[in-house]
file upload.pdb (PDB, C-alpha atoms)
ATOM      1  CA  MET U  49     100.462 103.557 109.310  1.00  0.00           C
ATOM      2  CA  ARG U  50      98.328 103.185 106.205  1.00  0.00           C
ATOM      3  CA  PHE U  51      95.412 105.415 105.322  1.00  0.00           C
ATOM      4  CA  GLU U  52      92.625 103.988 103.193  1.00  0.00           C
ATOM      5  CA  LEU U  53      91.154 107.147 101.741  1.00  0.00           C
ATOM      6  CA  ILE U  54      88.815 105.838  99.053  1.00  0.00           C
ATOM      7  CA  ASP U  55      85.350 105.318 100.514  1.00  0.00           C
ATOM      8  CA  GLU U  56      83.561 104.375  97.304  1.00  0.00           C
ATOM      9  CA  VAL U  57      84.337 103.779  93.642  1.00  0.00           C
ATOM     10  CA  LEU U  58      81.659 105.445  91.514  1.00  0.00           C
ATOM     11  CA  GLU U  59      82.891 104.425  88.086  1.00  0.00           C
ATOM     12  CA  LEU U  60      85.648 102.171  86.793  1.00  0.00           C
ATOM     13  CA  ALA U  61      86.511 102.033  83.080  1.00  0.00           C
ATOM     14  CA  PRO U  62      89.675 100.631  81.428  1.00  0.00           C
ATOM     15  CA  ASP U  63      91.410 104.025  81.460  1.00  0.00           C
ATOM     16  CA  ARG U  64      89.464 106.058  84.039  1.00  0.00           C
ATOM     17  CA  ILE U  65      88.191 105.891  87.604  1.00  0.00           C
ATOM     18  CA  ARG U  66      85.907 108.121  89.678  1.00  0.00           C
ATOM     19  CA  ALA U  67      85.918 107.699  93.445  1.00  0.00           C
ATOM     20  CA  ILE U  68      84.803 109.419  96.652  1.00  0.00           C
ATOM     21  CA  LYS U  69      86.655 110.414  99.820  1.00  0.00           C
ATOM     22  CA  GLN U  70      84.171 111.486 102.499  1.00  0.00           C
ATOM     23  CA  VAL U  71      85.959 113.767 104.974  1.00  0.00           C
ATOM     24  CA  SER U  72      84.981 113.146 108.596  1.00  0.00           C
ATOM     25  CA  ALA U  73      85.798 115.236 111.660  1.00  0.00           C
ATOM     26  CA  ALA U  74      86.894 111.965 113.310  1.00  0.00           C
ATOM     27  CA  GLU U  75      89.991 111.701 111.103  1.00  0.00           C
ATOM     28  CA  GLU U  76      92.974 111.994 113.412  1.00  0.00           C
ATOM     29  CA  TYR U  77      95.206 114.155 111.205  1.00  0.00           C
ATOM     30  CA  LEU U  78      92.576 116.928 111.012  1.00  0.00           C
ATOM     31  CA  GLY U  79      93.174 117.817 114.661  1.00  0.00           C
ATOM     32  CA  ASP U  80      96.539 119.354 113.780  1.00  0.00           C
ATOM     33  CA  HIS U  81      95.630 120.730 110.358  1.00  0.00           C
ATOM     34  CA  PHE U  82      94.566 123.308 111.568  1.00  0.00           C
ATOM     35  CA  PRO U  83      93.395 123.624 115.200  1.00  0.00           C
ATOM     36  CA  GLY U  84      89.999 125.344 115.165  1.00  0.00           C
ATOM     37  CA  PHE U  85      89.824 125.276 111.352  1.00  0.00           C
ATOM     38  CA  PRO U  86      90.335 121.687 110.164  1.00  0.00           C
ATOM     39  CA  ILE U  87      90.961 121.122 106.446  1.00  0.00           C
ATOM     40  CA  LEU U  88      92.073 118.090 104.475  1.00  0.00           C
ATOM     41  CA  PRO U  89      95.849 118.439 103.932  1.00  0.00           C
ATOM     42  CA  GLY U  90      96.966 118.798 100.324  1.00  0.00           C
ATOM     43  CA  VAL U  91      99.152 115.723 100.619  1.00  0.00           C
ATOM     44  CA  MET U  92      96.056 113.691 101.562  1.00  0.00           C
ATOM     45  CA  MET U  93      94.235 115.028  98.489  1.00  0.00           C
ATOM     46  CA  LEU U  94      97.184 113.873  96.391  1.00  0.00           C
ATOM     47  CA  GLU U  95      97.207 110.501  98.162  1.00  0.00           C
ATOM     48  CA  THR U  96      93.507 110.111  97.305  1.00  0.00           C
ATOM     49  CA  LEU U  97      94.412 110.530  93.624  1.00  0.00           C
ATOM     50  CA  VAL U  98      97.249 108.005  94.021  1.00  0.00           C
ATOM     51  CA  GLN U  99      94.995 105.440  95.699  1.00  0.00           C
ATOM     52  CA  ALA U 100      92.401 105.859  92.947  1.00  0.00           C
ATOM     53  CA  ALA U 101      95.113 105.421  90.296  1.00  0.00           C
ATOM     54  CA  ARG U 102      96.325 102.272  92.036  1.00  0.00           C
ATOM     55  CA  ARG U 103      92.805 100.807  91.998  1.00  0.00           C
ATOM     56  CA  LEU U 104      92.556 101.614  88.296  1.00  0.00           C
ATOM     57  CA  LEU U 105      95.959 100.298  87.213  1.00  0.00           C
ATOM     58  CA  GLN U 106      97.073  97.654  89.706  1.00  0.00           C
ATOM     59  CA  PRO U 107      94.975  94.696  88.473  1.00  0.00           C
ATOM     60  CA  GLY U 108      97.044  94.486  85.259  1.00  0.00           C
ATOM     61  CA  GLU U 109     100.432  94.881  86.945  1.00  0.00           C
ATOM     62  CA  ALA U 110     102.794  92.268  88.380  1.00  0.00           C
ATOM     63  CA  ASP U 111     104.443  94.672  90.867  1.00  0.00           C
ATOM     64  CA  ARG U 112     102.813  97.086  93.327  1.00  0.00           C
ATOM     65  CA  LEU U 113     102.477 100.589  91.889  1.00  0.00           C
ATOM     66  CA  VAL U 114     103.632 103.622  93.855  1.00  0.00           C
ATOM     67  CA  LEU U 115     103.776 107.342  93.211  1.00  0.00           C
ATOM     68  CA  GLY U 116     106.693 108.145  90.925  1.00  0.00           C
ATOM     69  CA  GLN U 117     106.607 111.834  90.096  1.00  0.00           C
ATOM     70  CA  VAL U 118     104.223 114.755  90.572  1.00  0.00           C
ATOM     71  CA  LYS U 119     103.933 117.410  87.864  1.00  0.00           C
ATOM     72  CA  ALA U 120     102.025 120.672  87.753  1.00  0.00           C
ATOM     73  CA  VAL U 121      99.746 120.001  90.714  1.00  0.00           C
ATOM     74  CA  LYS U 122      97.480 122.886  91.625  1.00  0.00           C
ATOM     75  CA  TYR U 123      95.459 123.240  94.798  1.00  0.00           C
ATOM     76  CA  GLY U 124      92.273 125.263  94.871  1.00  0.00           C
ATOM     77  CA  ALA U 125      89.344 124.931  97.249  1.00  0.00           C
ATOM     78  CA  MET U 126      89.733 123.678 100.816  1.00  0.00           C
ATOM     79  CA  VAL U 127      88.018 120.453 101.851  1.00  0.00           C
ATOM     80  CA  ARG U 128      86.500 120.526 105.338  1.00  0.00           C
ATOM     81  CA  PRO U 129      84.924 117.854 107.552  1.00  0.00           C
ATOM     82  CA  GLY U 130      81.453 116.932 106.343  1.00  0.00           C
ATOM     83  CA  GLU U 131      82.378 117.552 102.718  1.00  0.00           C
ATOM     84  CA  ARG U 132      83.251 115.005 100.078  1.00  0.00           C
ATOM     85  CA  LEU U 133      86.152 114.945  97.653  1.00  0.00           C
ATOM     86  CA  GLU U 134      85.281 113.316  94.341  1.00  0.00           C
ATOM     87  CA  VAL U 135      88.395 112.355  92.386  1.00  0.00           C
ATOM     88  CA  GLU U 136      88.762 111.363  88.770  1.00  0.00           C
ATOM     89  CA  VAL U 137      91.977 109.818  87.460  1.00  0.00           C
ATOM     90  CA  THR U 138      92.710 109.050  83.818  1.00  0.00           C
ATOM     91  CA  ALA U 139      95.563 106.778  82.725  1.00  0.00           C
ATOM     92  CA  LEU U 140      97.237 108.441  79.749  1.00  0.00           C
ATOM     93  CA  LYS U 141     100.013 106.030  78.710  1.00  0.00           C
ATOM     94  CA  ARG U 142     102.419 103.374  79.956  1.00  0.00           C
ATOM     95  CA  ASP U 143     106.115 103.582  79.041  1.00  0.00           C
ATOM     96  CA  ASP U 144     108.496 100.698  78.358  1.00  0.00           C
ATOM     97  CA  GLN U 145     109.612 100.594  82.019  1.00  0.00           C
ATOM     98  CA  GLY U 146     106.075 100.090  83.290  1.00  0.00           C
ATOM     99  CA  GLN U 147     105.551 103.663  84.454  1.00  0.00           C
ATOM    100  CA  TRP U 148     102.082 105.127  83.930  1.00  0.00           C
ATOM    101  CA  SER U 149     101.394 108.794  83.160  1.00  0.00           C
ATOM    102  CA  CYS U 150      98.146 109.937  84.774  1.00  0.00           C
ATOM    103  CA  LYS U 151      96.103 113.062  85.153  1.00  0.00           C
ATOM    104  CA  GLY U 152      93.770 113.651  88.043  1.00  0.00           C
ATOM    105  CA  ARG U 153      91.301 116.098  89.462  1.00  0.00           C
ATOM    106  CA  GLY U 154      89.508 116.374  92.777  1.00  0.00           C
ATOM    107  CA  ILE U 155      86.246 118.269  93.204  1.00  0.00           C
ATOM    108  CA  VAL U 156      84.923 119.247  96.631  1.00  0.00           C
ATOM    109  CA  HIS U 157      81.175 118.881  97.076  1.00  0.00           C
ATOM    110  CA  ARG U 158      79.589 120.982  99.798  1.00  0.00           C
ATOM    111  CA  ALA U 159      75.993 121.766 100.662  1.00  0.00           C
ATOM    112  CA  GLU U 160      75.408 125.483 100.142  1.00  0.00           C
ATOM    113  CA  VAL U 161      72.686 127.742  98.852  1.00  0.00           C
ATOM    114  CA  GLN U 162      74.529 129.478  95.989  1.00  0.00           C
ATOM    115  CA  ASN U 163      75.882 127.857  92.822  1.00  0.00           C
ATOM    116  CA  ARG U 164      74.038 124.601  93.391  1.00  0.00           C
ATOM    117  CA  ALA U 165      74.577 121.587  91.180  1.00  0.00           C
ATOM    118  CA  GLU U 166      71.718 119.237  90.338  1.00  0.00           C
ATOM    119  CA  ASP U 167      72.177 117.343  93.627  1.00  0.00           C
ATOM    120  CA  GLY U 168      71.977 120.526  95.754  1.00  0.00           C
ATOM    121  CA  THR U 169      75.713 120.907  96.357  1.00  0.00           C
ATOM    122  CA  THR U 170      78.337 123.332  95.117  1.00  0.00           C
ATOM    123  CA  GLU U 171      81.417 122.067  93.323  1.00  0.00           C
ATOM    124  CA  GLU U 172      84.914 123.544  93.280  1.00  0.00           C
ATOM    125  CA  THR U 173      88.247 122.132  92.159  1.00  0.00           C
ATOM    126  CA  ALA U 174      90.383 121.216  95.173  1.00  0.00           C
ATOM    127  CA  ILE U 175      93.302 119.564  93.338  1.00  0.00           C
ATOM    128  CA  SER U 176      94.347 118.952  89.744  1.00  0.00           C
ATOM    129  CA  GLY U 177      97.488 117.879  87.992  1.00  0.00           C
ATOM    130  CA  ARG U 178      99.584 115.159  86.427  1.00  0.00           C
ATOM    131  CA  PHE U 179     101.547 112.417  88.107  1.00  0.00           C
ATOM    132  CA  THR U 180     103.184 109.087  87.393  1.00  0.00           C
ATOM    133  CA  MET U 181     102.691 105.680  88.947  1.00  0.00           C
ATOM    134  CA  ARG U 182     105.635 103.296  88.770  1.00  0.00           C
ATOM    135  CA  PRO U 183     106.401  99.735  89.872  1.00  0.00           C
ATOM    136  CA  ILE U 184     107.911  99.563  93.347  1.00  0.00           C
ATOM    137  CA  ARG U 185     111.687  99.199  93.401  1.00  0.00           C
ATOM    138  CA  VAL U 186     112.959  96.367  95.564  1.00  0.00           C
TER     139      VAL U 186
END
call {"tool": "encode", "arguments": {"input": "upload.pdb", "output": "structure tokens"}}
result
Amino acid sequence: MRFELIDEVLELAPDRIRAIKQVSAAEEYLGDHFPGFPILPGVMMLETLVQAARRLLQPGEADRLVLGQVKAVKYGAMVRPGERLEVEVTALKRDDQGQWSCKGRGIVHRAEVQNRAEDGTTEETAISGRFTMRPIRV
């Protein structure tokens, strides 16, 4: 089974991408995570960063890129149905074996009264950290 988590790319530059994952109550995996209090699993937040990184880096690569290593990932705010996760991934460098070092961050946007941003939502960090993308090994 393959999950396409990126709903929209907001910005795409040579070394950076910003994208949106809109969390819907209809997503099957939310039924078990957690019954009565559904939240986006941390692994799906990480996968959203990976999919954004792949969209950023893949066009210049001969082989498909996959997650290589995860470093210093921190989880913060929960992401619930009806909220949106905005991710930003920056490509830092590519080594001689074709592995990319990346850093990423995911911000949850929710409509609330306090701490409003310009668009009327609050923003909290849901995930941040560093990871690598490497060519798939056959």
call {"tool": "atom_distance", "arguments": {"input": "upload.pdb", "atom1": "CA of Ala110 (chain U)", "atom2": "CA of Pro62 (chain U)"}}
result
17.0 Å
call {"tool": "resolve_selection", "arguments": {"input": "upload.pdb", "expression": "the PyMOL selection byres ((chain U and resi 144-160) around 7)", "output": "ChimeraX atom specification"}}
result
/U:97,127,131-143,161-162,164,168-183
call {"tool": "axis_aligned_box", "arguments": {"input": "upload.pdb", "around": "region 116-128 of chain U", "padding_each_side": "8 Å", "output": "JSON"}}
result
{"center_x": 96.6, "center_y": 116.7, "center_z": 96.5, "size_x": 36.2, "size_y": 33.1, "size_z": 33.6}
call {"tool": "atom_distance", "arguments": {"input": "upload.pdb", "atom1": "CA of Ile54 (chain U)", "atom2": "CA of Leu94 (chain U)"}}
result
11.9 Å
call {"tool": "atom_distance", "arguments": {"input": "upload.pdb", "atom1": "CA of Ala125 (chain U)", "atom2": "CA of Gln99 (chain U)"}}
result
20.4 Å
call {"tool": "closest_residue", "arguments": {"input": "upload.pdb", "among": "U:Met92, U:Val57, U:Ala101, U:Val121", "to": "Leu78 (chain U)", "atoms": "all atoms listed in the file"}}
result
U:Met92
call {"tool": "closest_residue", "arguments": {"input": "upload.pdb", "among": "U:Thr96, U:Pro107, U:Val91, U:Lys69", "to": "Tyr123 (chain U)", "atoms": "only C-alpha atoms"}}
result
U:Val91
call {"tool": "closest_residue", "arguments": {"input": "upload.pdb", "among": "U:Val98, U:Leu105, U:Leu113, U:Ala74", "to": "Leu60 (chain U)", "atoms": "all atoms listed in the file"}}
result
U:Leu105
call {"tool": "closest_residue", "arguments": {"input": "upload.pdb", "among": "U:Ala120, U:Ala73, U:Ile184, U:Leu58", "to": "Phe85 (chain U)", "atoms": "all atoms listed in the file"}}
result
U:Ala73
call {"tool": "build_atoms", "arguments": {"input": "upload.pdb", "residues": "region 95-110 of chain U", "atoms": "N, CA and C atoms", "output": "PDB file, keeping the file's coordinate frame"}}
result
ATOM      1  N   GLU U  95      97.241 111.934  97.857  1.00  0.00           N
ATOM      2  CA  GLU U  95      97.207 110.501  98.162  1.00  0.00           C
ATOM      3  C   GLU U  95      95.881 109.876  97.727  1.00  0.00           C
ATOM      4  N   THR U  96      94.791 110.616  97.791  1.00  0.00           N
ATOM      5  CA  THR U  96      93.507 110.111  97.305  1.00  0.00           C
ATOM      6  C   THR U  96      93.581 109.853  95.808  1.00  0.00           C
ATOM      7  N   LEU U  97      94.211 110.758  95.053  1.00  0.00           N
ATOM      8  CA  LEU U  97      94.412 110.530  93.624  1.00  0.00           C
ATOM      9  C   LEU U  97      95.276 109.296  93.377  1.00  0.00           C
ATOM     10  N   VAL U  98      96.339 109.149  94.164  1.00  0.00           N
ATOM     11  CA  VAL U  98      97.249 108.005  94.021  1.00  0.00           C
ATOM     12  C   VAL U  98      96.517 106.693  94.302  1.00  0.00           C
ATOM     13  N   GLN U  99      95.722 106.661  95.374  1.00  0.00           N
ATOM     14  CA  GLN U  99      94.995 105.440  95.699  1.00  0.00           C
ATOM     15  C   GLN U  99      93.966 105.103  94.617  1.00  0.00           C
ATOM     16  N   ALA U 100      93.337 106.106  94.046  1.00  0.00           N
ATOM     17  CA  ALA U 100      92.401 105.859  92.947  1.00  0.00           C
ATOM     18  C   ALA U 100      93.155 105.311  91.735  1.00  0.00           C
ATOM     19  N   ALA U 101      94.301 105.902  91.421  1.00  0.00           N
ATOM     20  CA  ALA U 101      95.113 105.421  90.296  1.00  0.00           C
ATOM     21  C   ALA U 101      95.543 103.975  90.518  1.00  0.00           C
ATOM     22  N   ARG U 102      95.909 103.644  91.732  1.00  0.00           N
ATOM     23  CA  ARG U 102      96.325 102.272  92.036  1.00  0.00           C
ATOM     24  C   ARG U 102      95.165 101.299  91.811  1.00  0.00           C
ATOM     25  N   ARG U 103      93.969 101.675  92.229  1.00  0.00           N
ATOM     26  CA  ARG U 103      92.805 100.807  91.998  1.00  0.00           C
ATOM     27  C   ARG U 103      92.517 100.632  90.511  1.00  0.00           C
ATOM     28  N   LEU U 104      92.768 101.669  89.737  1.00  0.00           N
ATOM     29  CA  LEU U 104      92.556 101.614  88.296  1.00  0.00           C
ATOM     30  C   LEU U 104      93.588 100.725  87.612  1.00  0.00           C
ATOM     31  N   LEU U 105      94.860 100.900  87.961  1.00  0.00           N
ATOM     32  CA  LEU U 105      95.959 100.298  87.213  1.00  0.00           C
ATOM     33  C   LEU U 105      96.488  98.983  87.763  1.00  0.00           C
ATOM     34  N   GLN U 106      96.416  98.781  89.060  1.00  0.00           N
ATOM     35  CA  GLN U 106      97.073  97.654  89.706  1.00  0.00           C
ATOM     36  C   GLN U 106      96.641  96.276  89.201  1.00  0.00           C
ATOM     37  N   PRO U 107      95.366  96.049  88.889  1.00  0.00           N
ATOM     38  CA  PRO U 107      94.975  94.696  88.473  1.00  0.00           C
ATOM     39  C   PRO U 107      95.775  94.133  87.295  1.00  0.00           C
ATOM     40  N   GLY U 108      96.276  94.965  86.406  1.00  0.00           N
ATOM     41  CA  GLY U 108      97.044  94.486  85.259  1.00  0.00           C
ATOM     42  C   GLY U 108      98.547  94.473  85.465  1.00  0.00           C
ATOM     43  N   GLU U 109      99.001  94.757  86.676  1.00  0.00           N
ATOM     44  CA  GLU U 109     100.432  94.881  86.945  1.00  0.00           C
ATOM     45  C   GLU U 109     100.949  93.754  87.840  1.00  0.00           C
ATOM     46  N   ALA U 110     102.170  93.320  87.570  1.00  0.00           N
ATOM     47  CA  ALA U 110     102.794  92.268  88.380  1.00  0.00           C
ATOM     48  C   ALA U 110     103.331  92.824  89.699  1.00  0.00           C
TER      49      ALA U 110
END
